[in-house]
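> File follows, run.pdb with PDB, C-alpha atoms:
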MODEL        1
ATOM      1  CA  MET A 249     -78.972  40.403   5.214
ATOM      2  CA  LEU A 250     -81.021  37.272   4.415
ATOM      3  CA  THR A 251     -79.090  36.846   1.182
ATOM      4  CA  HIS A 252     -75.768  36.877   3.048
ATOM      5  CA  LYS A 253     -77.018  34.297   5.551
ATOM      6  CA  ARG A 254     -78.274  32.127   2.705
ATOM      7  CA  ASP A 255     -74.897  32.374   0.935
ATOM      8  CA  PHE A 256     -73.052  31.562   4.148
ATOM      9  CA  LYS A 257     -75.182  28.438   4.750
ATOM     10  CA  LEU A 258     -74.671  27.349   1.147
ATOM     11  CA  LYS A 259     -70.906  27.728   1.409
ATOM     12  CA  TYR A 260     -70.895  25.877   4.739
ATOM     13  CA  PHE A 261     -72.941  23.059   3.195
ATOM     14  CA  LYS A 262     -70.550  22.794   0.235
ATOM     15  CA  VAL A 263     -67.508  22.628   2.521
ATOM     16  CA  ALA A 264     -69.156  19.987   4.709
ATOM     17  CA  PHE A 265     -70.244  17.980   1.669
ATOM     18  CA  PHE A 266     -66.758  18.156   0.161
ATOM     19  CA  SER A 267     -65.174  17.064   3.448
ATOM     20  CA  VAL A 268     -67.504  14.069   3.766
ATOM     21  CA  ALA A 269     -66.830  13.140   0.138
ATOM     22  CA  LEU A 270     -63.079  13.235   0.783
ATOM     23  CA  ILE A 271     -63.486  10.806   3.666
ATOM     24  CA  LEU A 272     -65.854   8.413   1.881
ATOM     25  CA  LEU A 273     -63.816   8.247  -1.313
ATOM     26  CA  GLN A 274     -60.630   7.198   0.438
ATOM     27  CA  GLY A 275     -59.308   3.759  -0.407
ATOM     28  CA  CYS A 276     -58.353   0.820   1.770
ATOM     29  CA  ALA A 277     -55.624  -1.484   0.458
ATOM     30  CA  THR A 278     -54.451  -4.768   1.955
ATOM     31  CA  GLN A 279     -51.007  -6.134   1.205
ATOM     32  CA  PHE A 280     -49.599  -9.488   2.296
ATOM     33  CA  VAL A 281     -45.848  -9.566   2.857
ATOM     34  CA  ALA A 282     -43.875 -12.802   3.221
ATOM     35  CA  MET A 283     -41.366 -12.757   6.069
ATOM     36  CA  GLY A 284     -38.324 -15.020   6.256
ATOM     37  CA  ASP A 285     -36.651 -17.511   3.935
ATOM     38  CA  TRP A 286     -39.861 -18.511   2.177
ATOM     39  CA  ALA A 287     -40.202 -15.006   0.729
ATOM     40  CA  ASP A 288     -37.685 -15.862  -2.010
ATOM     41  CA  PRO A 289     -37.408 -19.652  -2.491
ATOM     42  CA  SER A 290     -34.821 -21.067  -4.870
ATOM     43  CA  ASP A 291     -35.808 -22.581  -8.181
ATOM     44  CA  LEU A 292     -34.491 -26.155  -7.975
ATOM     45  CA  HIS A 293     -36.001 -27.126 -11.334
ATOM     46  CA  LEU A 294     -38.110 -29.866  -9.745
ATOM     47  CA  ASN A 295     -40.183 -32.139 -11.956
ATOM     48  CA  GLY A 296     -42.652 -34.998 -11.853
ATOM     49  CA  ASP A 297     -39.927 -37.474 -10.843
ATOM     50  CA  SER A 298     -38.292 -35.458  -8.051
ATOM     51  CA  LEU A 299     -40.167 -37.435  -5.360
ATOM     52  CA  ALA A 300     -40.863 -40.580  -7.359
ATOM     53  CA  GLY A 301     -41.276 -43.589  -5.068
ATOM     54  CA  VAL A 302     -41.383 -41.483  -1.886
ATOM     55  CA  LYS A 303     -44.357 -42.049   0.408
ATOM     56  CA  LEU A 304     -45.517 -38.815   2.032
ATOM     57  CA  SER A 305     -48.167 -37.888   4.567
ATOM     58  CA  VAL A 306     -49.440 -34.359   5.160
ATOM     59  CA  ARG A 307     -50.844 -33.243   8.482
ATOM     60  CA  CYS A 308     -52.121 -29.909   9.759
ATOM     61  CA  ALA A 309     -52.449 -28.734  13.334
ATOM     62  CA  HIS A 310     -53.009 -25.609  15.413
ATOM     63  CA  MET A 311     -50.622 -24.715  18.227
ATOM     64  CA  ASP A 312     -51.856 -22.522  21.071
ATOM     65  CA  LYS A 313     -49.779 -20.119  23.173
ATOM     66  CA  ASP A 314     -48.878 -22.937  25.577
ATOM     67  CA  GLY A 315     -47.455 -25.083  22.787
ATOM     68  CA  VAL A 316     -50.352 -27.556  22.827
ATOM     69  CA  MET A 317     -51.198 -28.884  19.360
ATOM     70  CA  ALA A 318     -54.576 -30.023  18.058
ATOM     71  CA  ASN A 319     -55.122 -31.633  14.682
ATOM     72  CA  GLN A 320     -56.945 -29.450  12.172
ATOM     73  CA  THR A 321     -58.124 -29.672   8.583
ATOM     74  CA  TYR A 322     -56.982 -26.601   6.683
ATOM     75  CA  PRO A 323     -57.362 -26.058   2.918
ATOM     76  CA  ILE A 324     -53.586 -25.700   2.794
ATOM     77  CA  CYS A 325     -53.308 -29.429   3.614
ATOM     78  CA  ALA A 326     -55.026 -30.391   0.367
ATOM     79  CA  GLY A 327     -52.823 -27.894  -1.463
ATOM     80  CA  LEU A 328     -49.671 -29.458  -0.044
ATOM     81  CA  GLU A 329     -50.831 -32.937  -0.999
ATOM     82  CA  ARG A 330     -51.585 -31.797  -4.535
ATOM     83  CA  HIS A 331     -48.246 -30.042  -5.025
ATOM     84  CA  LEU A 332     -46.187 -32.880  -3.555
ATOM     85  CA  ALA A 333     -48.064 -35.442  -5.638
ATOM     86  CA  SER A 334     -47.172 -33.408  -8.731
ATOM     87  CA  LEU A 335     -43.521 -34.280  -7.979
ATOM     88  CA  GLY A 336     -44.296 -37.992  -8.096
ATOM     89  CA  ALA A 337     -44.819 -38.607  -4.369
ATOM     90  CA  GLU A 338     -47.283 -41.227  -3.169
ATOM     91  CA  ILE A 339     -49.616 -39.539  -0.675
ATOM     92  CA  VAL A 340     -50.438 -41.693   2.335
ATOM     93  CA  PRO A 341     -53.596 -40.680   4.270
ATOM     94  CA  SER A 342     -52.721 -39.048   7.589
ATOM     95  CA  ASN A 343     -54.611 -41.722   9.528
ATOM     96  CA  GLN A 344     -52.616 -44.553   7.961
ATOM     97  CA  PRO A 345     -49.032 -45.728   8.574
ATOM     98  CA  GLY A 346     -46.339 -46.321   5.981
ATOM     99  CA  ALA A 347     -45.146 -42.802   5.100
ATOM    100  CA  ASN A 348     -41.405 -42.267   4.653
ATOM    101  CA  LEU A 349     -41.811 -38.587   5.517
ATOM    102  CA  THR A 350     -44.567 -36.539   7.124
ATOM    103  CA  VAL A 351     -45.000 -32.867   6.297
ATOM    104  CA  TRP A 352     -46.654 -30.812   9.013
ATOM    105  CA  TYR A 353     -48.200 -27.382   8.675
ATOM    106  CA  ILE A 354     -48.640 -25.987  12.191
ATOM    107  CA  GLU A 355     -50.711 -22.802  12.448
ATOM    108  CA  GLU A 356     -49.969 -20.449  15.342
ATOM    109  CA  GLY A 357     -52.291 -17.624  14.244
ATOM    110  CA  VAL A 358     -51.797 -13.900  14.736
ATOM    111  CA  VAL A 359     -48.805 -13.235  16.969
ATOM    112  CA  ASP A 360     -48.513  -9.447  16.677
ATOM    113  CA  LYS A 361     -50.773  -6.497  15.840
ATOM    114  CA  GLN A 362     -49.675  -2.923  15.387
ATOM    115  CA  VAL A 363     -51.373   0.369  14.520
ATOM    116  CA  SER A 364     -49.343   3.513  14.012
ATOM    117  CA  GLY A 365     -50.759   6.134  16.392
ATOM    118  CA  GLY A 366     -49.271   8.938  14.330
ATOM    119  CA  SER A 367     -50.936   7.657  11.183
ATOM    120  CA  VAL A 368     -54.335   7.545  12.953
ATOM    121  CA  ALA A 369     -54.037  11.217  13.820
ATOM    122  CA  GLY A 370     -52.715  11.961  10.353
ATOM    123  CA  VAL A 371     -55.625  10.357   8.507
ATOM    124  CA  ILE A 372     -58.111  12.311  10.666
ATOM    125  CA  PHE A 373     -56.547  15.742  10.490
ATOM    126  CA  THR A 374     -55.470  15.558   6.833
ATOM    127  CA  ALA A 375     -58.658  13.897   5.490
ATOM    128  CA  GLY A 376     -56.684  10.865   4.382
ATOM    129  CA  ILE A 377     -53.734  12.578   2.713
ATOM    130  CA  ILE A 378     -51.540  10.975   5.391
ATOM    131  CA  PRO A 379     -52.611   7.298   5.429
ATOM    132  CA  MET A 380     -53.433   5.160   8.441
ATOM    133  CA  VAL A 381     -51.321   1.991   8.544
ATOM    134  CA  SER A 382     -51.978  -1.164  10.559
ATOM    135  CA  SER A 383     -50.349  -4.590  10.446
ATOM    136  CA  ALA A 384     -51.043  -8.066  11.765
ATOM    137  CA  THR A 385     -48.373 -10.770  11.666
ATOM    138  CA  SER A 386     -49.435 -14.418  11.419
ATOM    139  CA  ARG A 387     -47.021 -17.272  11.980
ATOM    140  CA  GLY A 388     -46.893 -20.964  11.292
ATOM    141  CA  LYS A 389     -44.343 -23.747  11.070
ATOM    142  CA  ILE A 390     -43.369 -26.300   8.471
ATOM    143  CA  ARG A 391     -42.103 -29.458  10.142
ATOM    144  CA  ILE A 392     -40.749 -32.544   8.397
ATOM    145  CA  THR A 393     -40.533 -35.819  10.331
ATOM    146  CA  ASP A 394     -39.271 -39.261   9.364
ATOM    147  CA  ASP A 395     -41.036 -42.621   9.640
ATOM    148  CA  LYS A 396     -40.138 -42.790  13.357
ATOM    149  CA  GLY A 397     -41.562 -39.353  14.108
ATOM    150  CA  SER A 398     -38.162 -37.704  14.576
ATOM    151  CA  VAL A 399     -38.028 -34.054  13.492
ATOM    152  CA  LEU A 400     -35.682 -33.641  10.524
ATOM    153  CA  GLU A 401     -36.345 -29.973   9.910
ATOM    154  CA  GLN A 402     -38.551 -27.172  11.124
ATOM    155  CA  GLU A 403     -38.979 -23.774   9.468
ATOM    156  CA  ASN A 404     -40.992 -20.729  10.532
ATOM    157  CA  VAL A 405     -43.299 -19.244   7.914
ATOM    158  CA  ALA A 406     -44.667 -15.824   8.801
ATOM    159  CA  ALA A 407     -46.614 -13.247   6.826
ATOM    160  CA  SER A 408     -47.612  -9.699   7.650
ATOM    161  CA  LYS A 409     -51.008  -8.357   6.605
ATOM    162  CA  VAL A 410     -50.567  -4.621   6.095
ATOM    163  CA  ARG A 411     -53.632  -2.391   5.671
ATOM    164  CA  VAL A 412     -53.422   1.156   4.352
ATOM    165  CA  PHE A 413     -56.413   3.510   4.667
ATOM    166  CA  GLY A 414     -56.326   6.864   2.929
ATOM    167  CA  TRP A 415     -55.789   8.409  -0.465
ATOM    168  CA  SER A 416     -52.424   6.729  -0.970
ATOM    169  CA  ALA A 417     -54.209   3.368  -0.673
ATOM    170  CA  TRP A 418     -55.366   3.767  -4.277
ATOM    171  CA  ILE A 419     -51.707   3.717  -5.316
ATOM    172  CA  ALA A 420     -51.022   0.692  -3.114
ATOM    173  CA  LEU A 421     -53.925  -1.180  -4.684
ATOM    174  CA  GLY A 422     -52.038  -1.310  -7.966
ATOM    175  CA  LYS A 423     -48.838  -2.612  -6.369
ATOM    176  CA  LYS A 424     -50.010  -5.034  -3.701
ATOM    177  CA  ALA A 425     -48.726  -8.597  -3.722
ATOM    178  CA  ARG A 426     -51.358 -11.066  -4.801
ATOM    179  CA  GLN A 427     -52.257 -13.957  -2.540
ATOM    180  CA  ARG A 428     -51.771 -16.312  -5.474
ATOM    181  CA  GLU A 429     -48.134 -15.217  -5.823
ATOM    182  CA  LEU A 430     -47.549 -15.773  -2.107
ATOM    183  CA  GLY A 431     -49.151 -19.187  -2.387
ATOM    184  CA  GLU A 432     -46.789 -20.144  -5.195
ATOM    185  CA  LYS A 433     -43.805 -19.061  -3.101
ATOM    186  CA  PHE A 434     -45.058 -21.027  -0.100
ATOM    187  CA  TYR A 435     -45.575 -24.264  -2.015
ATOM    188  CA  ARG A 436     -42.233 -23.923  -3.803
ATOM    189  CA  PHE A 437     -40.485 -23.399  -0.470
ATOM    190  CA  VAL A 438     -42.100 -26.494   1.057
ATOM    191  CA  LYS A 439     -41.374 -28.639  -2.007
ATOM    192  CA  ASN A 440     -37.726 -27.563  -1.891
ATOM    193  CA  ARG A 441     -37.392 -28.561   1.754
ATOM    194  CA  VAL A 442     -39.149 -31.907   1.322
ATOM    195  CA  VAL A 443     -37.071 -32.868  -1.720
ATOM    196  CA  SER A 444     -33.904 -31.843   0.118
ATOM    197  CA  GLN A 445     -34.750 -34.134   3.043
ATOM    198  CA  ALA A 446     -35.748 -36.987   0.716
ATOM    199  CA  VAL A 447     -32.397 -36.688  -1.072
ATOM    200  CA  ASN A 448     -30.492 -36.588   2.244
ATOM    201  CA  LEU A 449     -32.197 -39.834   3.317
ATOM    202  CA  LYS A 450     -31.563 -41.347  -0.128
ATOM    203  CA  LEU A 451     -35.285 -41.723  -0.681
ATOM    204  CA  ALA A 452     -35.008 -39.669  -3.868
ATOM    205  CA  LYS A 453     -32.304 -39.156  -6.454
ATOM    206  CA  ALA A 454     -30.229 -36.004  -6.361
ATOM    207  CA  SER A 455     -29.798 -35.847 -10.135
ATOM    208  CA  GLY A 456     -31.146 -32.601 -11.580
ATOM    209  CA  VAL A 457     -31.880 -31.163  -8.152
ATOM    210  CA  GLU A 458     -29.761 -28.323  -6.795
ATOM    211  CA  GLU A 459     -29.050 -28.143  -3.072
ATOM    212  CA  ALA A 460     -31.819 -26.174  -1.341
ATOM    213  CA  GLN A 461     -30.723 -23.061   0.526
TER     214      GLN A 461
ENDMDL
END
As structure tokens, what does this structure read like?


Amino acid sequence: MLTHKRDFKLKYFKVAFFSVALILLQGCATQFVAMGDWADPSDLHLNGDSLAGVKLSVRCAHMDKDGVMANQTYPICAGLERHLASLGAEIVPSNQPGANLTVWYIEEGVVDKQVSGGSVAGVIFTAGIIPMVSSATSRGKIRITDDKGSVLEQENVAASKVRVFGWSAWIALGKKARQRELGEKFYRFVKNRVVSQAVNLKLAKASGVEEAQ
């Protein structure tokens, strides 16, 4: 009788250990998905002379739910300055006048969060075979103004951060979009829009630049 009890406890321990191992070994993958026109920007074959002679200023701000903006210093500001300067633009400090165009990046933050209730139950009752999926959508705006402050163009730039928890996350880890690739798309999209506006205002030459979509 003692032997049977001992065997039963051993089997119970093995099952419990295996179940815990299944839970702990599950993966968690994060994927960033571009939403909107900036997800697939055109290749306009821009070069170091595309914005030659154009004076640009870059400004960043945060907009709250009431539409009130406050100036901010985001790393993306320095990135925009660097990428626009690579096209020949003269960068004017944001606290100084004289810019022909001003490029704004306006951060609105997370505007929507979602968790699939069915996937929560699935990941619990199937030990991760059915994954749990959650998403958080962040939104910002790219705004281009002229030397008088008039808005020439404004584009929404949104991205969804999707998280997958479960065994299938290990597959997603090999296919997730890299942040660097999204960054390249973002900067290309902004450069396209700025060059398009500079050409429209005859601040830059249209030669060798296709019309931005």

> Please list as a list in words every residue within 8 Å of Val340 (chain A), counting only C-alpha atoms and excluding residues in the same chain fewer than 3 positions away.

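Selected residues are Lys303, Leu304, Ser305, Val306, Gln344, Pro345, Gly346 and Ala347 of chain A.
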
> For the residues in the current selection, export C-alpha atoms as a tab-separated table (two decimals), in the coordinates of the input.


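Printed below is again_21.tsv as written:
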chain	number	residue	atom	x	y	z
A	303	LYS	CA	-44.36	-42.05	0.41
A	304	LEU	CA	-45.52	-38.82	2.03
A	305	SER	CA	-48.17	-37.89	4.57
A	306	VAL	CA	-49.44	-34.36	5.16
A	344	GLN	CA	-52.62	-44.55	7.96
A	345	PRO	CA	-49.03	-45.73	8.57
A	346	GLY	CA	-46.34	-46.32	5.98
A	347	ALA	CA	-45.15	-42.80	5.10

> Report the residues retrieved by the PyMOL selection byres ((chain A and resi 397-402) around 10) from the displayed file, expressed as a list in words.

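Matching residues under the PyMOL selection byres ((chain A and resi 397-402) around 10) are Asn348, Leu349, Thr350, Val351, Trp352, Tyr353, Lys389, Ile390, Arg391, Ile392, Thr393, Asp394, Asp395, Lys396, Glu403, Asn404, Val405, Arg441, Val442 and Gln445 of chain A.
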
> Suppose you want the space between CA of Leu430 (chain A) and CA of Ala318 (chain A); what is it in Å?

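Atom-to-atom, CA of Leu430 (chain A) to CA of Ala318 (chain A), that is 25.7 Å.
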
> Have a look at CA of Met283 (chain A) and CA of Val358 (chain A) and let me know their distance in Å, one decimal.

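Between CA of Met283 (chain A) and CA of Val358 (chain A) the gap is 13.6 Å.
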
> What gap, in Å, lies between CA of Met317 (chain A) and CA of Ser386 (chain A)?

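CA of Ser386 (chain A) lies 16.6 Å from CA of Met317 (chain A).
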
> Might you pull out every residue within 12 Å of Ile324 (chain A), with all atoms listed in the file counted and same-chain residues fewer than 5 positions away left off, and present them as a PyMOL selection string?

chain A and resi 306-309+329-331+351-355+388+390+431-432+434-435+438

> Using the chain letters and numbers from the file, give me the residues hit by the PyMOL selection byres ((chain A and resi 302) around 7), as a VMD selection string.

chain A and resid 299 to 301 303 to 304 337 to 338 348 451 to 452

> Could you tell me which of A:Val443, A:Phe437, A:Ala454, A:Asp297 comes closest to Gly336 (chain A) if we count all atoms listed in the file?

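Using all atoms listed in the file, the shortest distance to Gly336 (chain A) belongs to A:Asp297.
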